[in-house]
file entry23.txt (compact mmCIF, C-alpha atoms and all ligand atoms)
# COMPACT_ATOMS: atom_id res chain seq x y z
CA MET A 1 -9.72 13.75 -9.71
CA LYS A 2 -6.25 12.51 -8.96
CA VAL A 3 -6.53 9.38 -6.85
CA LEU A 4 -3.96 7.40 -4.89
CA LEU A 5 -4.77 3.74 -4.21
CA TYR A 6 -2.77 1.97 -1.50
CA GLY A 7 -2.33 -1.80 -1.43
CA SER A 8 -1.19 -4.80 -3.40
CA GLY A 9 -3.81 -7.56 -3.44
CA ALA A 10 -6.73 -8.74 -5.57
CA ARG A 11 -9.02 -6.40 -3.59
CA GLU A 12 -6.93 -3.40 -4.65
CA HIS A 13 -6.60 -4.70 -8.23
CA SER A 14 -10.38 -4.87 -8.53
CA LEU A 15 -10.75 -1.40 -6.96
CA ALA A 16 -8.12 -0.03 -9.38
CA LYS A 17 -10.08 -1.38 -12.33
CA LYS A 18 -13.31 0.15 -11.04
CA ILE A 19 -11.62 3.51 -10.40
CA LEU A 20 -10.22 3.48 -13.96
CA GLU A 21 -13.81 3.20 -15.27
CA SER A 22 -14.81 6.41 -13.47
CA ALA A 23 -15.70 9.51 -15.46
CA GLN A 24 -14.28 11.56 -12.57
CA LEU A 25 -10.74 10.16 -12.80
CA GLU A 26 -7.93 12.36 -14.07
CA LYS A 27 -5.06 10.13 -13.00
CA LEU A 28 -4.52 7.01 -10.87
CA TYR A 29 -1.47 6.72 -8.62
CA LEU A 30 -0.50 3.53 -6.79
CA ALA A 31 1.49 2.97 -3.58
CA ASP A 32 2.72 -0.28 -2.04
CA THR A 33 1.18 -1.86 -5.12
CA GLY A 34 1.18 -5.37 -6.59
CA ALA A 35 1.47 -7.15 -9.93
CA PHE A 36 -1.12 -4.73 -11.40
CA PHE A 37 1.33 -1.82 -11.03
CA GLU A 38 1.02 -0.90 -14.73
CA LEU A 39 -2.52 0.41 -14.14
CA GLY A 40 -1.23 3.66 -12.62
CA GLU A 41 1.82 5.71 -11.78
CA VAL A 42 3.67 4.15 -8.85
CA ILE A 43 4.85 6.38 -6.00
CA GLU A 44 7.82 5.09 -3.99
CA PHE A 45 8.02 6.29 -0.39
CA SER A 46 9.92 5.80 2.85
CA ASP A 47 7.07 6.23 5.36
CA PHE A 48 3.48 7.52 5.51
CA LYS A 49 4.59 11.10 6.16
CA ASP A 50 6.83 10.99 3.10
CA LEU A 51 4.00 9.50 1.01
CA ALA A 52 1.53 12.15 2.20
CA GLN A 53 3.99 14.95 1.36
CA LYS A 54 4.61 13.48 -2.10
CA ALA A 55 0.85 13.19 -2.63
CA LYS A 56 0.44 16.85 -1.66
CA LYS A 57 3.08 17.92 -4.20
CA LEU A 58 1.31 15.92 -6.90
CA ALA A 59 -1.99 17.61 -5.96
CA ILE A 60 -3.62 14.24 -5.28
CA ASP A 61 -7.26 14.72 -4.22
CA MET A 62 -8.02 11.44 -2.53
CA LEU A 63 -6.32 8.50 -0.83
CA ILE A 64 -8.09 5.13 -0.91
CA VAL A 65 -6.64 2.53 1.45
CA GLY A 66 -7.14 -1.18 0.72
CA PRO A 67 -5.70 -3.12 3.69
CA GLU A 68 -6.12 -2.73 7.46
CA GLU A 69 -2.54 -2.57 8.61
CA PRO A 70 -1.70 0.92 7.22
CA LEU A 71 -5.01 2.23 8.60
CA VAL A 72 -4.14 1.03 12.08
CA ARG A 73 -0.62 2.45 11.71
CA GLY A 74 -2.08 5.86 10.91
CA ILE A 75 -1.68 6.42 7.17
CA CYS A 76 -4.86 8.54 7.09
CA ASP A 77 -3.67 10.70 10.01
CA GLU A 78 -0.66 11.76 7.91
CA PHE A 79 -2.75 12.49 4.82
CA ARG A 80 -5.24 14.51 6.86
CA LYS A 81 -2.36 16.65 8.16
CA GLU A 82 -1.62 17.50 4.52
CA GLY A 83 -5.29 18.29 3.94
CA ILE A 84 -5.86 15.32 1.62
CA PHE A 85 -9.20 13.52 1.79
CA THR A 86 -8.95 9.88 2.82
CA LEU A 87 -11.40 7.09 2.17
CA GLY A 88 -10.24 5.17 5.21
CA ALA A 89 -10.42 5.67 8.97
CA ASP A 90 -7.81 7.48 11.04
CA SER A 91 -5.89 5.44 13.61
CA LYS A 92 -8.43 6.23 16.33
CA TRP A 93 -11.32 4.61 14.46
CA ALA A 94 -9.21 1.95 12.75
CA LYS A 95 -9.10 0.48 16.27
CA LEU A 96 -12.56 -0.94 15.63
CA GLU A 97 -10.59 -3.49 13.59
CA GLY A 98 -7.20 -3.11 15.30
CA SER A 99 -8.43 -3.97 18.80
CA LYS A 100 -11.15 -6.53 19.34
CA ILE A 101 -11.49 -5.29 22.93
CA PHE A 102 -12.11 -1.72 21.69
CA ALA A 103 -14.72 -3.09 19.26
CA LYS A 104 -16.45 -5.05 22.04
CA GLU A 105 -16.57 -1.93 24.23
CA PHE A 106 -18.01 0.11 21.34
CA MET A 107 -20.72 -2.53 20.88
CA ALA A 108 -21.47 -2.74 24.61
CA ASN A 109 -21.78 1.06 24.83
CA HIS A 110 -24.32 1.12 22.01
CA GLY A 111 -26.37 -2.00 22.68
CA ILE A 112 -25.06 -3.85 19.63
CA ASN A 113 -25.44 -7.60 19.89
CA THR A 114 -22.20 -9.63 19.96
CA PRO A 115 -21.39 -13.06 21.41
CA PRO A 116 -20.57 -13.15 25.17
CA TYR A 117 -16.84 -12.93 25.87
CA MET A 118 -14.09 -12.58 28.45
CA VAL A 119 -10.80 -10.69 28.22
CA ILE A 120 -7.70 -12.51 29.54
CA GLU A 121 -4.19 -11.16 30.08
CA ASP A 122 -2.81 -13.63 32.60
CA LYS A 123 -2.06 -17.13 31.33
CA ASN A 124 -2.65 -18.57 34.80
CA LYS A 125 -6.30 -17.63 34.46
CA ILE A 126 -6.88 -19.49 31.18
CA ASP A 127 -8.06 -22.84 32.56
CA LYS A 128 -10.57 -21.35 34.97
CA ALA A 129 -11.89 -18.93 32.35
CA ILE A 130 -12.26 -21.57 29.63
CA GLY A 131 -13.97 -23.86 32.15
CA LYS A 132 -16.84 -21.37 32.33
CA PHE A 133 -17.86 -21.97 28.70
CA LEU A 134 -20.27 -24.73 27.67
CA ASN A 135 -18.39 -25.30 24.38
CA PRO A 136 -14.73 -24.56 23.67
CA PRO A 137 -14.64 -20.77 23.17
CA VAL A 138 -13.25 -19.04 20.11
CA ILE A 139 -9.79 -17.61 20.92
CA LYS A 140 -9.10 -14.14 19.48
CA ALA A 141 -5.95 -12.05 19.67
CA ASP A 142 -6.86 -8.48 20.59
CA GLY A 143 -4.74 -6.87 17.87
CA LEU A 144 -4.04 -7.42 14.18
CA ALA A 145 -2.45 -10.74 13.29
CA ALA A 146 -2.51 -10.84 9.48
CA GLY A 147 -5.84 -12.67 9.49
CA LYS A 148 -4.46 -15.48 11.69
CA GLY A 149 -5.51 -14.20 15.12
CA VAL A 150 -8.79 -16.13 15.45
CA PHE A 151 -8.88 -19.78 16.41
CA VAL A 152 -12.04 -21.89 16.43
CA SER A 153 -11.69 -25.24 18.15
CA ASP A 154 -13.89 -28.25 18.97
CA ASN A 155 -11.68 -29.30 21.84
CA PHE A 156 -11.21 -27.70 25.28
CA ASP A 157 -7.58 -28.82 25.65
CA GLU A 158 -6.72 -27.43 22.23
CA ALA A 159 -8.45 -24.14 23.03
CA LYS A 160 -6.42 -23.87 26.27
CA ALA A 161 -3.17 -24.62 24.44
CA ILE A 162 -3.91 -22.01 21.78
CA ALA A 163 -4.87 -19.41 24.39
CA ARG A 164 -1.56 -20.05 26.16
CA ASP A 165 0.33 -19.84 22.88
CA PHE A 166 -1.31 -16.47 22.09
CA LEU A 167 -0.61 -15.00 25.55
CA GLU A 168 3.00 -16.22 25.41
CA GLY A 169 3.52 -13.90 22.47
CA LYS A 170 2.55 -15.77 19.30
CA PHE A 171 1.52 -12.45 17.74
CA ASN A 172 3.77 -10.24 19.88
CA ASP A 173 1.89 -7.24 21.29
CA SER A 174 -1.21 -8.18 19.29
CA SER A 175 -1.83 -11.22 21.52
CA LYS A 176 -0.76 -9.79 24.89
CA LYS A 177 -4.47 -9.70 25.60
CA ILE A 178 -6.95 -12.18 24.19
CA ILE A 179 -10.67 -12.60 23.98
CA LEU A 180 -12.44 -15.86 24.75
CA GLU A 181 -15.75 -15.74 22.95
CA GLU A 182 -18.76 -18.02 22.95
CA ARG A 183 -18.83 -20.06 19.77
CA LEU A 184 -21.93 -19.58 17.63
CA PHE A 185 -23.28 -21.60 14.72
CA GLY A 186 -25.19 -20.04 11.87
CA ARG A 187 -25.06 -18.12 8.59
CA GLU A 188 -22.20 -15.66 8.19
CA ILE A 189 -22.57 -12.57 6.03
CA SER A 190 -20.29 -9.65 5.23
CA VAL A 191 -21.90 -6.22 5.01
CA PHE A 192 -19.97 -3.19 3.73
CA SER A 193 -21.05 0.28 4.76
CA ILE A 194 -19.45 3.62 3.96
CA TRP A 195 -19.56 6.21 6.73
CA ASP A 196 -19.10 9.88 5.78
CA GLY A 197 -19.30 11.39 9.29
CA LYS A 198 -23.06 11.86 8.91
CA ASN A 199 -24.56 9.16 6.69
CA LEU A 200 -24.11 5.41 6.48
CA LEU A 201 -24.41 3.96 2.97
CA ASN A 202 -25.03 0.22 3.18
CA PHE A 203 -24.33 -2.39 0.53
CA PRO A 204 -26.38 -5.61 0.44
CA PRO A 205 -24.74 -8.61 2.12
CA ALA A 206 -22.07 -10.74 0.47
CA ILE A 207 -20.97 -14.26 1.36
CA ASP A 208 -17.35 -15.15 1.96
CA PHE A 209 -16.21 -18.79 1.84
CA LYS A 210 -13.73 -18.66 4.69
CA LYS A 211 -12.67 -22.26 5.05
CA LEU A 212 -9.91 -23.75 2.92
CA ASN A 213 -12.27 -26.48 1.73
CA SER A 214 -15.75 -27.75 2.50
CA SER A 215 -14.71 -30.06 5.35
CA THR A 216 -15.90 -28.82 8.76
CA ASP A 217 -12.42 -29.03 10.30
CA ALA A 218 -10.67 -27.20 7.44
CA PRO A 219 -8.61 -24.19 8.55
CA ASN A 220 -9.94 -20.66 8.20
CA THR A 221 -8.39 -18.56 5.44
CA GLY A 222 -8.65 -14.95 4.31
CA GLY A 223 -11.46 -16.14 2.02
CA MET A 224 -11.51 -18.66 -0.84
CA GLY A 225 -14.44 -17.24 -2.78
CA SER A 226 -17.40 -14.90 -2.59
CA ILE A 227 -20.91 -14.36 -3.88
CA PHE A 228 -22.75 -11.05 -4.11
CA PRO A 229 -25.49 -10.31 -3.33
CA PHE A 230 -26.79 -12.80 -0.80
CA VAL A 231 -30.53 -12.31 -0.53
CA LEU A 232 -31.79 -12.64 3.02
CA GLU A 233 -35.20 -13.86 4.05
CA LYS A 234 -37.60 -11.15 5.19
CA GLN A 235 -37.06 -11.75 8.91
CA GLU A 236 -33.29 -11.80 8.54
CA GLN A 237 -33.35 -8.62 6.45
CA LYS A 238 -35.29 -6.94 9.25
CA LEU A 239 -32.60 -8.01 11.76
CA LEU A 240 -29.96 -6.57 9.44
CA ASP A 241 -31.84 -3.29 8.91
CA ASP A 242 -32.30 -2.86 12.67
CA TYR A 243 -28.62 -3.52 13.26
CA LEU A 244 -27.50 -1.03 10.59
CA GLU A 245 -29.72 1.65 12.15
CA LYS A 246 -28.03 0.95 15.50
CA LEU A 247 -24.60 1.17 13.92
CA LYS A 248 -25.45 4.51 12.30
CA LYS A 249 -26.78 5.85 15.60
CA ALA A 250 -23.66 4.64 17.42
CA LEU A 251 -21.30 6.35 14.96
CA LYS A 252 -23.37 9.54 15.19
CA GLU A 253 -23.38 9.50 18.99
CA GLU A 254 -19.62 9.00 19.00
CA GLU A 255 -19.27 11.88 16.51
CA ALA A 256 -16.99 9.51 14.60
CA ASP A 257 -14.98 11.90 12.53
CA PHE A 258 -13.78 9.78 9.63
CA CYS A 259 -14.80 8.80 6.15
CA GLY A 260 -14.36 5.18 5.28
CA VAL A 261 -15.56 1.63 5.11
CA VAL A 262 -17.11 -0.12 8.08
CA TYR A 263 -17.36 -3.80 7.27
CA SER A 264 -19.54 -5.75 9.66
CA GLY A 265 -18.74 -9.46 9.93
CA LEU A 266 -22.12 -10.82 11.04
CA MET A 267 -23.64 -14.12 12.03
CA ILE A 268 -27.33 -14.93 12.09
CA SER A 269 -27.80 -17.65 14.67
CA CYS A 270 -31.08 -18.86 16.20
CA THR A 271 -33.07 -15.87 14.88
CA LYS A 272 -30.60 -13.35 16.32
CA LEU A 273 -27.96 -11.28 14.58
CA TYR A 274 -24.50 -11.00 16.14
CA VAL A 275 -21.47 -8.91 15.20
CA LEU A 276 -18.40 -11.19 15.12
CA GLU A 277 -16.00 -8.46 14.04
CA TYR A 278 -15.53 -5.05 12.51
CA ASN A 279 -13.12 -4.39 9.68
CA MET A 280 -12.42 -0.86 8.51
CA ARG A 281 -11.79 -1.66 4.85
CA PHE A 282 -13.43 -3.66 2.10
CA GLY A 283 -13.26 -7.45 2.45
CA ASP A 284 -11.19 -9.58 0.13
CA PRO A 285 -12.57 -11.52 -1.81
CA GLU A 286 -16.06 -10.07 -1.18
CA VAL A 287 -15.32 -6.70 -2.78
CA GLN A 288 -14.24 -8.37 -6.03
CA SER A 289 -17.83 -9.67 -6.42
CA VAL A 290 -19.36 -6.42 -5.20
CA MET A 291 -17.37 -4.28 -7.66
CA SER A 292 -18.22 -6.62 -10.55
CA SER A 293 -21.92 -6.13 -9.80
CA CYS A 294 -21.92 -2.43 -8.88
CA LYS A 295 -23.25 -0.12 -11.62
CA ASN A 296 -22.36 3.14 -9.86
CA ASP A 297 -19.33 5.27 -10.64
CA ILE A 298 -17.15 4.44 -7.63
CA LEU A 299 -15.50 7.85 -7.50
CA GLU A 300 -18.91 9.49 -7.49
CA ILE A 301 -19.68 7.50 -4.33
CA PHE A 302 -16.36 8.47 -2.75
CA SER A 303 -16.76 12.16 -3.75
CA LYS A 304 -20.20 12.26 -2.17
CA ALA A 305 -18.60 10.75 0.95
CA LYS A 306 -16.12 13.62 0.94
CA GLU A 307 -19.02 16.11 0.83
CA LYS A 308 -20.87 14.17 3.58
CA LYS A 309 -23.71 13.61 1.11
CA LEU A 310 -23.82 9.84 0.86
CA ASP A 311 -27.59 10.07 1.36
CA GLU A 312 -27.73 11.28 -2.26
CA ILE A 313 -26.30 8.00 -3.60
CA GLU A 314 -28.58 5.28 -4.83
CA LEU A 315 -26.62 2.08 -5.20
CA LYS A 316 -27.34 0.07 -8.35
CA PHE A 317 -26.34 -3.51 -9.03
CA ALA A 318 -26.53 -6.06 -11.84
CA ASP A 319 -29.64 -8.22 -11.91
CA ALA A 320 -27.76 -11.51 -11.60
CA PRO A 321 -25.21 -12.45 -8.90
CA SER A 322 -21.46 -12.01 -9.18
CA TYR A 323 -19.01 -14.71 -8.17
CA CYS A 324 -15.37 -14.80 -7.19
CA VAL A 325 -13.30 -17.99 -6.97
CA VAL A 326 -9.80 -17.75 -5.50
CA LEU A 327 -6.96 -19.81 -6.95
CA ALA A 328 -4.51 -20.40 -4.10
CA SER A 329 -1.21 -22.18 -3.76
CA CYS A 330 -0.88 -25.45 -1.83
CA GLY A 331 0.34 -24.98 1.71
CA TYR A 332 -1.94 -21.94 2.14
CA PRO A 333 -2.86 -20.64 4.74
CA PHE A 334 0.30 -21.81 6.57
CA ASN A 335 3.24 -22.12 4.20
CA PRO A 336 2.25 -21.66 0.56
CA LEU A 337 4.40 -22.85 -2.31
CA LYS A 338 5.87 -19.88 -4.19
CA GLY A 339 7.85 -19.14 -7.33
CA LYS A 340 5.87 -21.30 -9.76
CA LYS A 341 5.10 -20.06 -13.28
CA ILE A 342 1.46 -19.15 -13.96
CA LYS A 343 0.36 -20.29 -17.42
CA ASN A 344 -2.69 -19.69 -19.64
CA LEU A 345 -3.81 -16.46 -17.97
CA ASP A 346 -5.18 -15.40 -21.35
CA SER A 347 -7.78 -18.17 -21.24
CA ALA A 348 -9.89 -15.91 -19.01
CA LYS A 349 -10.58 -13.53 -21.91
CA LYS A 350 -12.44 -16.04 -24.03
CA TYR A 351 -14.91 -16.64 -21.19
CA GLY A 352 -15.22 -12.98 -20.17
CA VAL A 353 -13.77 -13.72 -16.73
CA GLU A 354 -11.76 -11.04 -14.94
CA VAL A 355 -8.49 -12.03 -13.29
CA PHE A 356 -7.19 -10.05 -10.31
CA PHE A 357 -3.67 -10.53 -8.98
CA ALA A 358 -2.91 -11.22 -5.30
CA GLY A 359 0.16 -13.36 -4.54
CA VAL A 360 1.66 -12.81 -7.99
CA LYS A 361 5.06 -11.56 -9.09
CA LYS A 362 5.46 -10.11 -12.58
CA THR A 363 8.86 -10.62 -14.19
CA ASP A 364 10.20 -10.09 -17.75
CA ASP A 365 9.54 -13.77 -18.22
CA GLY A 366 5.87 -13.72 -17.15
CA PHE A 367 3.86 -14.19 -13.97
CA TYR A 368 4.91 -16.33 -10.96
CA THR A 369 3.15 -17.37 -7.76
CA ASN A 370 4.29 -15.32 -4.78
CA GLY A 371 1.79 -15.88 -1.98
CA GLY A 372 -1.06 -17.97 -0.59
CA ARG A 373 -4.01 -16.53 -2.45
CA VAL A 374 -2.73 -16.10 -6.00
CA LEU A 375 -5.59 -15.03 -8.28
CA SER A 376 -9.23 -13.99 -7.99
CA LEU A 377 -11.44 -15.08 -10.91
CA VAL A 378 -14.56 -12.93 -11.14
CA LYS A 379 -17.66 -12.79 -13.34
CA ASN A 380 -21.21 -11.53 -13.14
CA GLY A 381 -24.33 -12.99 -14.69
CA CYS A 382 -26.03 -16.11 -15.87
CA GLY A 383 -23.58 -18.97 -16.36
CA ALA A 384 -20.81 -16.89 -14.75
CA LEU A 385 -19.81 -19.60 -12.32
CA ASP A 386 -19.42 -22.24 -15.05
CA ASP A 387 -17.16 -19.86 -16.96
CA ILE A 388 -15.10 -19.11 -13.86
CA TYR A 389 -14.58 -22.83 -13.24
CA ARG A 390 -13.56 -23.37 -16.90
CA VAL A 391 -10.90 -20.70 -16.42
CA ALA A 392 -9.91 -22.16 -13.02
CA ASP A 393 -9.15 -25.42 -14.87
CA GLU A 394 -7.36 -23.80 -17.80
CA ILE A 395 -5.03 -21.55 -15.78
CA LYS A 396 -2.12 -23.71 -14.66
CA PHE A 397 0.47 -23.40 -11.94
CA GLU A 398 2.15 -26.01 -9.78
CA GLY A 399 0.31 -26.43 -6.47
CA LYS A 400 -2.94 -24.77 -7.64
CA ILE A 401 -5.87 -25.31 -5.25
CA PHE A 402 -9.39 -23.88 -5.26
CA ARG A 403 -12.81 -24.59 -3.84
CA GLU A 404 -15.22 -26.22 -6.26
CA ASP A 405 -18.29 -25.40 -4.19
CA ILE A 406 -18.56 -21.61 -4.42
CA ARG A 407 -22.32 -21.65 -4.77
CA ILE A 408 -25.29 -21.10 -2.48
P1 LIG B 1 -13.27 -12.66 13.12
O1 LIG B 1 -11.94 -12.18 12.64
O2 LIG B 1 -13.59 -12.30 14.53
O3 LIG B 1 -14.42 -12.46 12.18
O4 LIG B 1 -13.14 -14.25 13.04
C1 LIG B 1 -12.79 -14.91 11.86
C2 LIG B 1 -13.73 -16.02 11.60
O5 LIG B 1 -13.78 -16.90 12.72
C3 LIG B 1 -15.17 -15.58 11.40
O6 LIG B 1 -15.41 -15.16 10.11
C4 LIG B 1 -15.92 -16.85 11.75
O7 LIG B 1 -15.91 -17.75 10.68
C5 LIG B 1 -15.11 -17.40 12.89
N1 LIG B 1 -15.64 -16.91 14.16
C6 LIG B 1 -15.30 -15.77 14.83
N2 LIG B 1 -16.01 -15.63 15.96
C7 LIG B 1 -16.82 -16.69 16.02
C8 LIG B 1 -17.82 -17.12 16.96
N3 LIG B 1 -18.06 -16.45 18.07
N4 LIG B 1 -18.47 -18.28 16.70
C9 LIG B 1 -18.20 -19.00 15.59
N5 LIG B 1 -17.27 -18.66 14.67
C10 LIG B 1 -16.60 -17.52 14.88
N1 LIG B 2 -12.79 -11.79 3.59
C1 LIG B 2 -12.51 -11.43 4.92
C2 LIG B 2 -11.67 -10.25 5.10
O1 LIG B 2 -11.38 -9.52 4.16
O2 LIG B 2 -11.27 -10.00 6.23
call {"tool": "encode", "arguments": {"input": "entry23.txt", "output": "structure tokens"}}
result
Amino acid sequence: MKVLLYGSGAREHSLAKKILESAQLEKLYLADTGAFFELGEVIEFSDFKDLAQKAKKLAIDMLIVGPEEPLVRGICDEFRKEGIFTLGADSKWAKLEGSKIFAKEFMANHGINTPPYMVIEDKNKIDKAIGKFLNPPVIKADGLAAGKGVFVSDNFDEAKAIARDFLEGKFNDSSKKIILEERLFGREISVFSIWDGKNLLNFPPAIDFKKLNSSTDAPNTGGMGSIFPFVLEKQEQKLLDDYLEKLKKALKEEEADFCGVVYSGLMISCTKLYVLEYNMRFGDPEVQSVMSSCKNDILEIFSKAKEKKLDEIELKFADAPSYCVVLASCGYPFNPLKGKKIKNLDSAKKYGVEVFFAGVKKTDDGFYTNGGRVLSLVKNGCGALDDIYRVADEIKFEGKIFREDIRI
């Protein structure tokens, strides 16, 4: 199979590595790629239509999309027009991630449990609306906002100010409408499913460490570390199984005509399970742990998805957990320091730790920091976490930060 992987972060680097292990791979192509560009042949392009036409000429069999933004902008629509299979939703279904209001309506229509909420468009209605909540509500921009569109506050005045800021155009069209949502407290899990138009293949839950550090008022990030799997207690597993059945039924009833990831961001709070969000792609850094544990041939899974036969896949995972620790650059998630040389990357080899590139620039002179989350350090098995932390200490760059508590 000739496969095109789209995206530039540590999520895509770990997917690229997994794809390269597949017995079904003939050739890997990369688009909009990152510092791991040497793993495949890079295709330059002007827009999605151009990329889809180039892919057609190269007889590429499958497009795999890493991030959400191209999905929402319709990359898969263009590839479908060329008759190329896409592991990723078309723009219609990418709205489950691209519009929180669309996602809420989907859940309401199918009896899926989600925290109570209100939609606001008019900034003059903010005070009255927020006054109806017992605790300061979570403020969410309706559209995509590069992971920055959700604000959790302990303070009513702050929540009002943020809501105003959003509606006044902080995220342009993405925050023209906002959601005010009841704040919940509980255990968050990330569950990846792959939908093939008929079957829903569910992975066990992973844990994402979303806060910048362990302090309760630390800012939310894209994710500072992950653990897979996270074993639920029997009652919780039952809640999850019931929810996943509902999700499958909902997608069936909607005749959702796409093949791709549905990632449910869930919270278990007071013996109930709530959907906080849908994402239509794998989570970063959760997928780095999932791929390190997964024993299946990833292209076999995706090929079965293409044939709408995901029910024939039995997922297999390593016996011990996998861990991912993110090395970030100080200033993240607001204004990360960039352009600093990364040293001792080779130290990872001696501990058997995999290193995936995110905010990294490769030059003739080596690797430099180029973003907030810089590297993902990943290992499976007994003692894996100790080895990851040894490598986290040995790799050096100015401004390096990481969480030292990526454990359950
Ligand atoms: P979302 O993009 O909707 O998942 O929000 C990002 C993060 O904000 C979540 O992973 C949670 O940590 C937090 N969050 C979102 N909604 C809520 C909520 N209703 N109650 C508490 N925390 C929330
Ligand atoms: N780790 C959260 C996300 O990928 O959105």
call {"tool": "residues_near_ligand", "arguments": {"input": "entry23.txt", "ligand": "ligand LIG 1 (chain B)", "cutoff": "10 Å", "atoms": "only C-alpha atoms and all ligand atoms", "output": "PyMOL selection string"}}
result
chain A and resi 97+100+114-117+137-142+144-145+147-153+179-190+208-211+219-223+264-267+269+274-279
call {"tool": "residues_near_point", "arguments": {"input": "entry23.txt", "point": "(-2.1, -3.1, -8.1)", "cutoff": "6 Å", "atoms": "only C-alpha atoms", "output": "list of chain:residue names"}}
result
A:Ser8, A:Glu12, A:His13, A:Thr33, A:Gly34, A:Ala35, A:Phe36, A:Phe37
call {"tool": "write_last_selection", "arguments": {"input": "entry23.txt", "atoms": "C-alpha atoms", "output": "mmCIF file, in the frame of the given file"}}
result
data_model
loop_
_atom_site.group_PDB
_atom_site.id
_atom_site.type_symbol
_atom_site.label_atom_id
_atom_site.label_comp_id
_atom_site.auth_asym_id
_atom_site.auth_seq_id
_atom_site.Cartn_x
_atom_site.Cartn_y
_atom_site.Cartn_z
ATOM 1 C CA SER A 8 -1.190 -4.800 -3.400
ATOM 2 C CA GLU A 12 -6.930 -3.400 -4.650
ATOM 3 C CA HIS A 13 -6.600 -4.700 -8.230
ATOM 4 C CA THR A 33 1.180 -1.860 -5.120
ATOM 5 C CA GLY A 34 1.180 -5.370 -6.590
ATOM 6 C CA ALA A 35 1.470 -7.150 -9.930
ATOM 7 C CA PHE A 36 -1.120 -4.730 -11.400
ATOM 8 C CA PHE A 37 1.330 -1.820 -11.030
#
call {"tool": "residues_around", "arguments": {"input": "entry23.txt", "residues": "range 77-81 of chain A", "least_positions_apart": "4", "cutoff": "10 Å", "atoms": "all atoms listed in the file", "output": "PDB file with C-alpha atoms, in the frame of the given file"}}
result
ATOM      1  CA  ASP A  47       7.070   6.230   5.360  1.00  0.00           C
ATOM      2  CA  PHE A  48       3.480   7.520   5.510  1.00  0.00           C
ATOM      3  CA  LYS A  49       4.590  11.100   6.160  1.00  0.00           C
ATOM      4  CA  ASP A  50       6.830  10.990   3.100  1.00  0.00           C
ATOM      5  CA  LEU A  51       4.000   9.500   1.010  1.00  0.00           C
ATOM      6  CA  ALA A  52       1.530  12.150   2.200  1.00  0.00           C
ATOM      7  CA  GLN A  53       3.990  14.950   1.360  1.00  0.00           C
ATOM      8  CA  ALA A  55       0.850  13.190  -2.630  1.00  0.00           C
ATOM      9  CA  LYS A  56       0.440  16.850  -1.660  1.00  0.00           C
ATOM     10  CA  MET A  62      -8.020  11.440  -2.530  1.00  0.00           C
ATOM     11  CA  LEU A  63      -6.320   8.500  -0.830  1.00  0.00           C
ATOM     12  CA  LEU A  71      -5.010   2.230   8.600  1.00  0.00           C
ATOM     13  CA  VAL A  72      -4.140   1.030  12.080  1.00  0.00           C
ATOM     14  CA  ARG A  73      -0.620   2.450  11.710  1.00  0.00           C
ATOM     15  CA  PHE A  85      -9.200  13.520   1.790  1.00  0.00           C
ATOM     16  CA  THR A  86      -8.950   9.880   2.820  1.00  0.00           C
ATOM     17  CA  GLY A  88     -10.240   5.170   5.210  1.00  0.00           C
ATOM     18  CA  ALA A  89     -10.420   5.670   8.970  1.00  0.00           C
ATOM     19  CA  ASP A  90      -7.810   7.480  11.040  1.00  0.00           C
ATOM     20  CA  SER A  91      -5.890   5.440  13.610  1.00  0.00           C
ATOM     21  CA  LYS A  92      -8.430   6.230  16.330  1.00  0.00           C
TER      22      LYS A  92
END
call {"tool": "axis_aligned_box", "arguments": {"input": "entry23.txt", "around": "range 212-223 of chain A", "padding_each_side": "6 Å", "output": "JSON"}}
result
{"center_x": -12.1, "center_y": -22.5, "center_z": 6.0, "size_x": 19.5, "size_y": 27.1, "size_z": 20.6}
call {"tool": "atom_distance", "arguments": {"input": "entry23.txt", "atom1": "CA of Ala163 in chain A", "atom2": "CA of Ile120 in chain A"}}
result
9.1 Å
call {"tool": "residues_around", "arguments": {"input": "entry23.txt", "residues": "Ser175 in chain A", "least_positions_apart": "4", "cutoff": "7 Å", "atoms": "all atoms listed in the file", "output": "list in words"}}
result
Ala141, Asp142, Gly143, Phe166, Leu167, Gly169, Lys170 and Phe171 of chain A
call {"tool": "residues_around", "arguments": {"input": "entry23.txt", "residues": "Asp122 in chain A", "least_positions_apart": "4", "cutoff": "10 Å", "atoms": "only C-alpha atoms", "output": "PyMOL selection string"}}
result
chain A and resi 126+164+167-168+176-178
call {"tool": "write_last_selection", "arguments": {"input": "entry23.txt", "atoms": "C-alpha atoms", "output": "short mmCIF file (atom, residue, chain, number, x, y, z; two decimals), in the frame of the given file"}}
result
data_model
loop_
_atom_site.label_atom_id
_atom_site.label_comp_id
_atom_site.auth_asym_id
_atom_site.auth_seq_id
_atom_site.Cartn_x
_atom_site.Cartn_y
_atom_site.Cartn_z
CA ILE A 126 -6.88 -19.49 31.18
CA ARG A 164 -1.56 -20.05 26.16
CA LEU A 167 -0.61 -15.00 25.55
CA GLU A 168 3.00 -16.22 25.41
CA LYS A 176 -0.76 -9.79 24.89
CA LYS A 177 -4.47 -9.70 25.60
CA ILE A 178 -6.95 -12.18 24.19
#
call {"tool": "closest_residue", "arguments": {"input": "entry23.txt", "among": "A:Asp405, A:Glu254, A:Glu300, A:Asp346", "to": "Val325 in chain A", "atoms": "all atoms listed in the file"}}
result
A:Asp405
call {"tool": "residues_near_point", "arguments": {"input": "entry23.txt", "point": "(-30.1, -6.3, 15.7)", "cutoff": "12 Å", "atoms": "only C-alpha atoms", "output": "list in words"}}
result
Met107, His110, Gly111, Ile112, Asn113, Thr114, Gln235, Glu236, Gln237, Lys238, Leu239, Leu240, Asp241, Asp242, Tyr243, Leu244, Glu245, Lys246, Leu247, Leu266, Met267, Ile268, Ser269, Thr271, Lys272, Leu273, Tyr274 and Val275 of chain A
